[in-house]
Each structure stands twice: as C-alpha cells, then as structure tokens.
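Novice: For reference, the file target_14.txt (compact mmCIF, C-alpha atoms) is included below:
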# COMPACT_ATOMS: atom_id res chain seq x y z
CA MET W 283 0.00 0.00 0.00
CA ALA W 284 1.20 3.49 -0.79
CA GLU W 285 2.47 5.42 2.21
CA LEU W 286 0.79 8.57 3.42
CA LEU W 287 2.84 11.71 2.87
CA SER W 288 3.76 13.96 5.78
CA GLN W 289 2.40 17.51 5.95
CA ASP W 290 5.81 18.83 4.93
CA GLU W 291 5.98 16.50 1.94
CA ILE W 292 2.47 17.52 0.88
CA GLU W 293 3.37 21.21 1.06
CA ALA W 294 6.58 20.63 -0.90
CA ARG W 295 4.83 18.68 -3.64
CA LEU W 296 1.99 21.21 -3.89
CA GLY W 297 4.65 23.85 -4.42
CA GLU W 298 5.90 21.95 -7.45
CA LEU W 299 2.44 21.91 -9.09
CA ASP W 300 0.55 24.80 -10.68
CA GLY W 301 -2.94 25.59 -9.45
CA TRP W 302 -3.49 22.60 -7.20
CA SER W 303 -4.57 23.10 -3.60
CA ARG W 304 -5.24 21.05 -0.52
CA ASP W 305 -8.88 20.13 -0.06
CA GLY W 306 -9.20 18.07 3.12
CA GLU W 307 -7.73 14.63 2.45
CA ALA W 308 -7.49 15.37 -1.29
CA ILE W 309 -5.80 17.78 -3.68
CA SER W 310 -7.95 19.58 -6.21
CA LYS W 311 -7.77 21.87 -9.22
CA THR W 312 -10.41 23.38 -11.51
CA TYR W 313 -9.66 23.66 -15.23
CA ASP W 314 -11.54 25.84 -17.71
CA ARG W 315 -11.91 24.10 -21.08
CA GLY W 316 -13.96 26.73 -22.89
CA ASP W 317 -17.29 24.96 -23.16
CA PHE W 318 -19.14 21.72 -22.37
CA VAL W 319 -17.63 19.81 -25.27
CA GLY W 320 -14.14 20.89 -24.25
CA SER W 321 -14.80 19.75 -20.70
CA VAL W 322 -15.98 16.29 -21.76
CA GLU W 323 -13.03 15.92 -24.13
CA PHE W 324 -10.64 16.78 -21.28
CA VAL W 325 -12.32 14.18 -19.04
CA ARG W 326 -12.00 11.61 -21.82
CA ARG W 327 -8.27 12.24 -21.99
CA ILE W 328 -7.90 11.69 -18.25
CA VAL W 329 -8.87 8.04 -18.78
CA GLU W 330 -5.45 7.03 -20.11
CA PRO W 331 -3.26 8.14 -17.19
CA ALA W 332 -5.93 7.07 -14.68
CA GLU W 333 -6.17 3.56 -16.14
CA GLU W 334 -2.40 3.23 -16.55
CA MET W 335 -1.89 4.14 -12.91
CA GLY W 336 -4.95 2.27 -11.63
CA HIS W 337 -5.75 5.52 -9.85
CA HIS W 338 -8.91 7.51 -10.54
CA PRO W 339 -9.78 11.11 -9.73
CA ASP W 340 -13.21 12.38 -8.82
CA LEU W 341 -14.41 14.72 -11.60
CA SER W 342 -17.12 17.36 -11.79
CA ILE W 343 -18.19 19.07 -14.99
CA SER W 344 -20.15 22.31 -14.97
CA TRP W 345 -20.25 23.77 -18.51
CA SER W 346 -16.65 24.85 -19.22
CA GLU W 347 -15.23 23.93 -15.82
CA VAL W 348 -13.81 20.58 -14.79
CA ALA W 349 -13.00 20.14 -11.11
CA VAL W 350 -10.51 17.35 -10.41
CA ALA W 351 -10.03 15.90 -6.92
CA ILE W 352 -7.46 13.23 -6.12
CA THR W 353 -6.85 11.21 -2.98
CA THR W 354 -5.83 7.66 -2.09
CA HIS W 355 -8.92 6.22 -0.41
CA SER W 356 -7.16 2.95 0.47
CA ALA W 357 -4.48 4.85 2.40
CA GLY W 358 -6.88 7.34 3.95
CA GLY W 359 -5.13 10.41 2.60
CA LEU W 360 -2.49 11.75 0.23
CA THR W 361 0.29 9.63 -1.24
CA ALA W 362 2.94 10.07 -3.92
CA ASN W 363 0.51 8.50 -6.43
CA ASP W 364 -1.87 11.41 -6.03
CA PHE W 365 0.79 13.91 -7.00
CA GLU W 366 1.97 11.80 -9.90
CA LEU W 367 -1.58 11.62 -11.28
CA ALA W 368 -2.02 15.37 -10.79
CA SER W 369 1.18 16.02 -12.69
CA ARG W 370 0.12 13.72 -15.54
CA ILE W 371 -3.28 15.41 -15.81
CA ASP W 372 -1.55 18.80 -15.97
CA ARG W 373 0.49 17.55 -18.92
CA LEU W 374 -2.53 16.45 -20.98
CA MET H 54 -37.30 31.99 -22.31
CA ALA H 55 -38.59 28.68 -21.04
CA GLU H 56 -41.32 28.97 -18.41
CA LEU H 57 -40.87 27.67 -14.89
CA LEU H 58 -42.99 24.64 -14.07
CA SER H 59 -45.41 24.66 -11.16
CA GLN H 60 -44.86 22.35 -8.20
CA ASP H 61 -47.68 20.13 -9.44
CA GLU H 62 -46.17 19.93 -12.92
CA ILE H 63 -42.78 19.06 -11.46
CA GLU H 64 -44.25 16.26 -9.35
CA ALA H 65 -46.18 14.90 -12.33
CA ARG H 66 -43.14 14.90 -14.59
CA LEU H 67 -40.92 13.33 -11.92
CA GLY H 68 -43.52 10.55 -11.68
CA GLU H 69 -43.01 9.81 -15.36
CA LEU H 70 -39.25 9.38 -14.96
CA ASP H 71 -37.36 6.53 -13.32
CA GLY H 72 -34.90 7.30 -10.55
CA TRP H 73 -34.87 11.08 -10.79
CA SER H 74 -35.51 13.19 -7.73
CA ARG H 75 -35.89 16.82 -6.82
CA ASP H 76 -32.69 18.41 -5.56
CA GLY H 77 -33.43 22.05 -4.73
CA GLU H 78 -33.88 23.94 -8.00
CA ALA H 79 -32.63 20.95 -10.00
CA ILE H 80 -33.51 17.32 -10.69
CA SER H 81 -30.82 14.71 -10.23
CA LYS H 82 -30.06 11.04 -10.74
CA THR H 83 -27.02 8.87 -10.11
CA TYR H 84 -26.14 6.15 -12.62
CA ASP H 85 -23.78 3.23 -12.00
CA ARG H 86 -21.73 2.44 -15.11
CA GLY H 87 -19.59 -0.37 -13.69
CA ASP H 88 -16.21 1.35 -13.61
CA PHE H 89 -14.36 4.58 -14.40
CA VAL H 90 -14.15 3.90 -18.12
CA GLY H 91 -17.88 3.16 -18.25
CA SER H 92 -18.61 6.41 -16.45
CA VAL H 93 -16.53 8.51 -18.84
CA GLU H 94 -18.09 6.78 -21.85
CA PHE H 95 -21.56 7.57 -20.49
CA VAL H 96 -20.58 11.24 -20.02
CA ARG H 97 -19.26 11.32 -23.59
CA ARG H 98 -22.62 10.11 -24.88
CA ILE H 99 -24.44 12.87 -23.00
CA VAL H 100 -22.74 15.42 -25.28
CA GLU H 101 -25.05 14.73 -28.22
CA PRO H 102 -28.44 15.42 -26.57
CA ALA H 103 -26.94 18.28 -24.54
CA GLU H 104 -25.52 20.00 -27.61
CA GLU H 105 -28.65 19.36 -29.68
CA MET H 106 -30.81 20.94 -27.00
CA GLY H 107 -28.30 23.64 -26.09
CA HIS H 108 -28.90 22.51 -22.53
CA HIS H 109 -26.12 21.11 -20.36
CA PRO H 110 -26.29 19.09 -17.16
CA ASP H 111 -23.84 19.28 -14.28
CA LEU H 112 -21.98 15.97 -14.05
CA SER H 113 -19.92 14.32 -11.33
CA ILE H 114 -17.90 11.15 -11.80
CA SER H 115 -16.72 9.07 -8.88
CA TRP H 116 -15.35 5.73 -10.15
CA SER H 117 -18.43 3.86 -11.43
CA GLU H 118 -21.00 6.50 -10.46
CA VAL H 119 -22.13 9.43 -12.57
CA ALA H 120 -24.34 11.99 -10.84
CA VAL H 121 -26.38 14.11 -13.26
CA ALA H 122 -28.05 17.35 -12.16
CA ILE H 123 -30.23 19.43 -14.47
CA THR H 124 -31.77 22.86 -14.04
CA THR H 125 -32.49 25.91 -16.18
CA HIS H 126 -30.22 28.58 -14.73
CA SER H 127 -31.60 31.29 -17.01
CA ALA H 128 -35.12 30.67 -15.70
CA GLY H 129 -34.05 30.22 -12.09
CA GLY H 130 -35.55 26.77 -11.72
CA LEU H 131 -37.11 23.79 -13.49
CA THR H 132 -38.62 23.97 -16.97
CA ALA H 133 -39.90 21.46 -19.51
CA ASN H 134 -36.42 21.43 -21.09
CA ASP H 135 -34.96 19.91 -17.95
CA PHE H 136 -37.32 16.98 -18.08
CA GLU H 137 -36.78 16.48 -21.79
CA LEU H 138 -33.01 16.33 -21.29
CA ALA H 139 -33.45 13.91 -18.35
CA SER H 140 -35.60 11.66 -20.52
CA ARG H 141 -33.08 11.75 -23.36
CA ILE H 142 -30.21 10.87 -21.01
CA ASP H 143 -32.24 7.94 -19.66
CA ARG H 144 -32.61 6.64 -23.21
CA LEU H 145 -28.86 6.64 -23.95
Could you render the structure from this file as structure tokens?
Specialist:
Amino acid sequence: MAELLSQDEIEARLGELDGWSRDGEAISKTYDRGDFVGSVEFVRRIVEPAEEMGHHPDLSISWSEVAVAITTHSAGGLTANDFELASRIDRL
Amino acid sequence: MAELLSQDEIEARLGELDGWSRDGEAISKTYDRGDFVGSVEFVRRIVEPAEEMGHHPDLSISWSEVAVAITTHSAGGLTANDFELASRIDRL
C-alpha cells in the first residue's frame, strides 16, 4: 500500500504543481476548457493516465469547468501516487 | 425563455421518470456504469443530446458512479427542457 505523505511532503509537492490546492484529504484543481464539449473531451483524456496508474480522480463538470479531486482512499489520505496523477493530468 | 414549471407539474413529470428526484432547484439522478471507463463513456454520450438541445447538465464522476443534475439557470428553476433532457439521457 502506498504510504501517506507527511504535511511537509504535501506542502513541498503542492509547491511543485501549478494551481493545485489542498482540499481536506485530497488535492484539487479546476480547469476551464472553454465549453461543455471541451470539458468532456478533457475528461476523456484523463482516462489514459488514470487507467495506466490504476488511480482515478473524482471529476465534476459544470459547462466549461472541470473540477478534479485526487486522494488515495485505500491509504486514507495523500500519497505520492496522487501527486503523480495530478502532474500527468496537468500535462494532458 | 422557457417557463418555470409549477410544483404540481414538477411532481407529475418526476412521476413519469425513473430514478430522478428533486434536488433544490434541479432534478438529479445517479447512474452506476460499472467502472471509471464506463462512467466517462456515459458522459461522452451525453454530449449529443446536450448539444442538440443547447442545454447542459452538471456531471460528477466518482469511479463507477455518474451523478447528473439538471436545471435551467436562465429561468431560475425547473422547466420542460430539464425533463426532456433527463428523458433523453435515460434513453442513452
């Protein structure tokens, strides 16, 4: 099982990402993809890294906005996997 | 602009749908699509009726579950369009 990150590690890794913030036991970011079609297309592209990693974000679509939240439920908090998935989604 | 439905009309139309419920100024339903890929595929298929109607639901994906919420923001509540979109999503 992936190990939980310490508060210091979480802060350090958040500092390496752009636009992600702590949201309880998860990290989250909201992307603007222009319109509804752009939002759904972005969500579709998240499938590949999520399936490759076996790690799946929670996603909310509201017109042009896609909110992404990532946590490791099995570990009960944030692990290195969460930050790797966040980084891969940012690179889409 | 689409007209707001009365409480009686809303109740009657909800009675004609399967699994939809009132959620404040919206109607909502949660679908189980088996896994993350199934959820994203379902969301992708919602694009066609949403674009055809020019009416877009709010969507949340959490692994196999897709929560759909529909309202008419411009009217400040529920209109016939909301129930038509709900019915079309049910038929996907």
Novice: CA of Pro339 in chain W and CA of Ala368 in chain W are how many Å apart?
Specialist: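 CA of Ala368 in chain W lies 8.9 Å from CA of Pro339 in chain W.
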Novice: For range 292-307 of chain W, please output as an mmCIF file with C-alpha atoms, in the coordinates of the input all residues within 9 Å (counting all atoms listed in the file; exclusion window: fewer than 4 positions along the same chain).
Specialist:
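Saved to around-v5.cif:
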data_model
loop_
_atom_site.group_PDB
_atom_site.id
_atom_site.type_symbol
_atom_site.label_atom_id
_atom_site.label_comp_id
_atom_site.auth_asym_id
_atom_site.auth_seq_id
_atom_site.Cartn_x
_atom_site.Cartn_y
_atom_site.Cartn_z
ATOM 1 C CA LEU W 287 2.840 11.710 2.870
ATOM 2 C CA SER W 288 3.760 13.960 5.780
ATOM 3 C CA LYS W 311 -7.770 21.870 -9.220
ATOM 4 C CA THR W 312 -10.410 23.380 -11.510
ATOM 5 C CA ALA W 351 -10.030 15.900 -6.920
ATOM 6 C CA ILE W 352 -7.460 13.230 -6.120
ATOM 7 C CA THR W 353 -6.850 11.210 -2.980
ATOM 8 C CA THR W 354 -5.830 7.660 -2.090
ATOM 9 C CA HIS W 355 -8.920 6.220 -0.410
ATOM 10 C CA GLY W 358 -6.880 7.340 3.950
ATOM 11 C CA GLY W 359 -5.130 10.410 2.600
ATOM 12 C CA LEU W 360 -2.490 11.750 0.230
ATOM 13 C CA THR W 361 0.290 9.630 -1.240
ATOM 14 C CA ALA W 362 2.940 10.070 -3.920
ATOM 15 C CA PHE W 365 0.790 13.910 -7.000
ATOM 16 C CA ALA W 368 -2.020 15.370 -10.790
ATOM 17 C CA SER W 369 1.180 16.020 -12.690
ATOM 18 C CA ASP W 372 -1.550 18.800 -15.970
#
Novice: Between W:Ala284, W:Val329, W:Ala357, W:Ala308, single out the one closest to Trp116 in chain H, counting all atoms listed in the file.
Specialist: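 Checking each candidate against Trp116 in chain H, we get W:Val329 as the closest.
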Novice: Check which residues of chain W sit at most 9 Å from chain H using all atoms listed in the file, and return one row each with the closest pair of atoms and their distance in Å to one decimal, ordered by chain and rising number, as a tab-separated table.
Specialist:
residue	atom	partner	partner_atom	distance
W:Phe318	CA	H:His109	CA	7.3
W:Val319	CA	H:Val100	CA	6.7
W:Val322	CA	H:Arg97	CA	6.2
W:Glu323	CA	H:Arg97	CA	7.8
W:Val325	CA	H:Val93	CA	7.1
W:Arg326	CA	H:Val93	CA	6.2
W:Val329	CA	H:Val90	CA	6.7
W:Ala332	CA	H:Phe89	CA	8.8
W:Glu333	CA	H:Val90	CA	8.2
W:His338	CA	H:Trp116	CA	6.7
W:Pro339	CA	H:Ser115	CA	7.3
W:Asp340	CA	H:Ser115	CA	4.8
W:Leu341	CA	H:Ile114	CA	5.0
W:Ser342	CA	H:Ser113	CA	4.2
W:Ile343	CA	H:Leu112	CA	5.0
W:Ser344	CA	H:Asp111	CA	4.8
W:Trp345	CA	H:His109	CA	6.7
Novice: What separation in Å, quoted to one decimal, exists between CA of Ile309 in chain W and CA of Leu374 in chain W?
Specialist: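 That distance, rounded to one decimal, is 17.7 Å.
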Novice: When you draw a straight line from CA of Glu105 in chain H to CA of Asn134 in chain H, how long is it in Å?
Specialist: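 Taking CA of Glu105 in chain H and CA of Asn134 in chain H, their separation equals 11.8 Å.
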Novice: Given all atoms listed in the file as the basis, pick out the residue of W:Arg370, W:Asp364, W:Tyr313, W:Gln289 nearest to Pro331 in chain W.
Specialist: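 Closest to Pro331 in chain W, using all atoms listed in the file: W:Arg370.
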